[in-house]
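Undergrad: One structure, as structure tokens, below. Some questions next.
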Amino acid sequence: MPRFPWKATEVVDLPGVGDRIDSLPGQTAADGGPGARLRLAREQGLAFRREFPTTGTPDSVTTRDLITLPYPTRFGLFRASRAVAPFLSITNRMLVIRWTESDGRKRVLLFEPSDHELGRYTPYFADLTRRTPGVVERQTVHVHGTVLGHLAGLGIAPADVDYLMFDHLHTQDLRRWVGTTAHQNDLNSQPGAAFPNAKVIVQRDELAGLAELHPLQRPWYQPATYRDVPPEAFLPIEGSVLLGPGVAVVKTPGHVFGNQSLVLNTSTGIWASSENVIAAEALTPEHSKLPGVARWARSWQQEIVLNANTIETTADQYNSIILEKTLVDRSQADPRFLQFFPSSELTGAWTNPGTRPTFTHRHLTHG
């Protein structure tokens with residue numbers, strides 16, 4: 001087990017950020033099970049949905065594509081898909097959110113700024129790469145750009161970035177983003193912080209879980225890469241918080257214990273983003289043309305289709321998706337679908353028959 005710069009019991013001592021959202025205290029019920037938590041998720045979501053627009057809107061939201069890669073169909077569409085392809089494709093995207101504080105300070109948040117060059121060493125994906133012929137990998141993995149390259153194109157200096165945030169820390173290696181306290185043999189260097197003024201917003205539950213992983217979690221994390229990451233690089237939160245006008249972090253446990261979603265109030269209404277599902281149609285599967293999905297949802301009376309590569313607390317993940325579904329508005333492009341922006345979105349590819357999405361957002365733009 002790798003040594004960490006913190007213990008699970010010490011995470012509470014790290015500083016936090018944001019104003020707590022009182023209408024989202026969490027999906028807890030003193031005398032109830034997952035069904036009672038589902039009811040609370042709907043009720044709390046409706047309460048927050050009413051108050052959130054009054055907080056304002058951010059100055060701008062911009063989308064940049066990072067990488068398209070294969071992902072098992074049985075994970076991305078859980079039990080619903082009848083596609084013959086064992087793999088589908090997902091595109092990981094970064095959101096750049098800018099807002100102005102009440103005192104005039106400008107803020108920049110990067111959501112899902114994945115260092116995909118190092119993310120490929122995640123145990124699951126490293127094993128998949130070893131088993132995949134090079135010619136196949138070249139057909140299925142497409143790099144669209146890097147975090148730093150996209151920021152340069154937007155005219156944003158790395159020193160101007162205030163916050164980095166992920167819905168959870170699966171696959172993430174943060175060493176090049178926040179620096180390390182010691183030489184890293186695999187990188188042949190001691191990385192300085194590419195983002196010298198940025199802090200990582202993360203749920204305390206996620207840091208506590210990362211400090212001592214359960215076997216169900218190990219294929220998806222790179223715990224050794226956090227050994228020399230300075231603890232002060234993190235800003236842990238507990239639950240849901242308002243970061244700025246129209247910018248909120250909502251705790252959505254289930255996919256991992258410390259899962260969180262980005263919620264934005266924009267000129268087109270309210271959006272949410274996470275990896276709880278990989279397609280907008282997974283929130284309204286009755287409108288999906290993906291083979292088997294609509295029929296499966298009817299047969300099993302399921303309102304949503306999970307992204308289920310981890311099944312730590314499946315019922316809580318279901319409830320969290322319902323919370324996200326309750327918060328967001330309908331798409332202006334097609335009202336059958338909701339303004340849920342998957343942080344890794346299902347992408348059609350000729351190599352994966354039966355997995356072309358019915359509807360995609362592709363970008364989230366505001367301001």
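Ordering of the structure tokens sets the chain letters (A, B, ...); residue numbers start at 1 within each chain; ligands are numbered from 1 in the order shown.
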If you count only C-alpha atoms, which residues fall within 9 Å of A:Pro25, apart from same-chain ones fewer than 6 positions away, as a list in words?
TA: Gln44, Gly239 and Ser240 of chain A
Undergrad: Hey, what does DSSP flag as helix (DSSP H, G or I) within stretch 110-168 of chain A? Can you give it to me as a ChimeraX atom specification?
TA: /A:116-119,123-131,134-140,147-154,158-160
Undergrad: Which residue, A:Leu118, A:Glu303, A:Thr225, A:Asp316, has the smallest gap to A:Gln184 when you use only C-alpha atoms?
TA: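 The answer is A:Thr225, which sits nearest to A:Gln184.
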Undergrad: Which residues are near stretch 320-335 of chain A? Cut-off 6 Å, only C-alpha atoms, ignore same chain within fewer than 4 positions. Put them as a compact mmCIF listing (two decimals) with C-alpha atoms, in the first residue's frame.
TA:
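So out05.txt came out as:
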# COMPACT_ATOMS: atom_id res chain seq x y z
CA ALA A 41 -33.05 13.19 -3.96
CA ARG A 42 -36.07 14.35 -5.96
CA GLY A 45 -33.24 18.57 -6.30
CA ARG A 49 -33.49 23.98 -8.77
CA THR A 252 -23.52 12.72 -6.16
CA GLY A 269 -30.78 27.09 -18.48
CA ILE A 270 -29.32 24.68 -15.95
CA TRP A 271 -26.77 22.04 -16.90
CA GLN A 339 -29.03 19.30 -20.45
Undergrad: Could you list, as a count of residues only, every residue within 12 Å of stretch 363-366 of chain A, counting only C-alpha atoms and ignoring same-chain residues fewer than 4 positions away?
TA: 38
Undergrad: Looking only at the backbone, which of the residues in stretch 46-183 of chain A does DSSP tag as strand (DSSP E or B), as a count of residues only?
TA: 38
Undergrad: Where does stretch 231-253 of chain A meet stretch 51-55 of chain A within 12 Å, residue by residue, with the nearest atom pair and distance in Å to one decimal for each, counting only C-alpha atoms, listed by chain and rising number, as a tab-separated table?
TA:
residue	atom	partner	partner_atom	distance
A:Val241	CA	A:Phe52	CA	11.3
A:Leu242	CA	A:Thr55	CA	8.8
A:Leu243	CA	A:Thr55	CA	10.2
A:Gly244	CA	A:Thr55	CA	7.8
A:Pro245	CA	A:Thr55	CA	5.0
A:Gly246	CA	A:Thr55	CA	5.5
A:Val247	CA	A:Thr55	CA	8.4
A:Ala248	CA	A:Phe52	CA	8.6
A:Val249	CA	A:Phe52	CA	11.6
A:Val250	CA	A:Phe52	CA	11.7
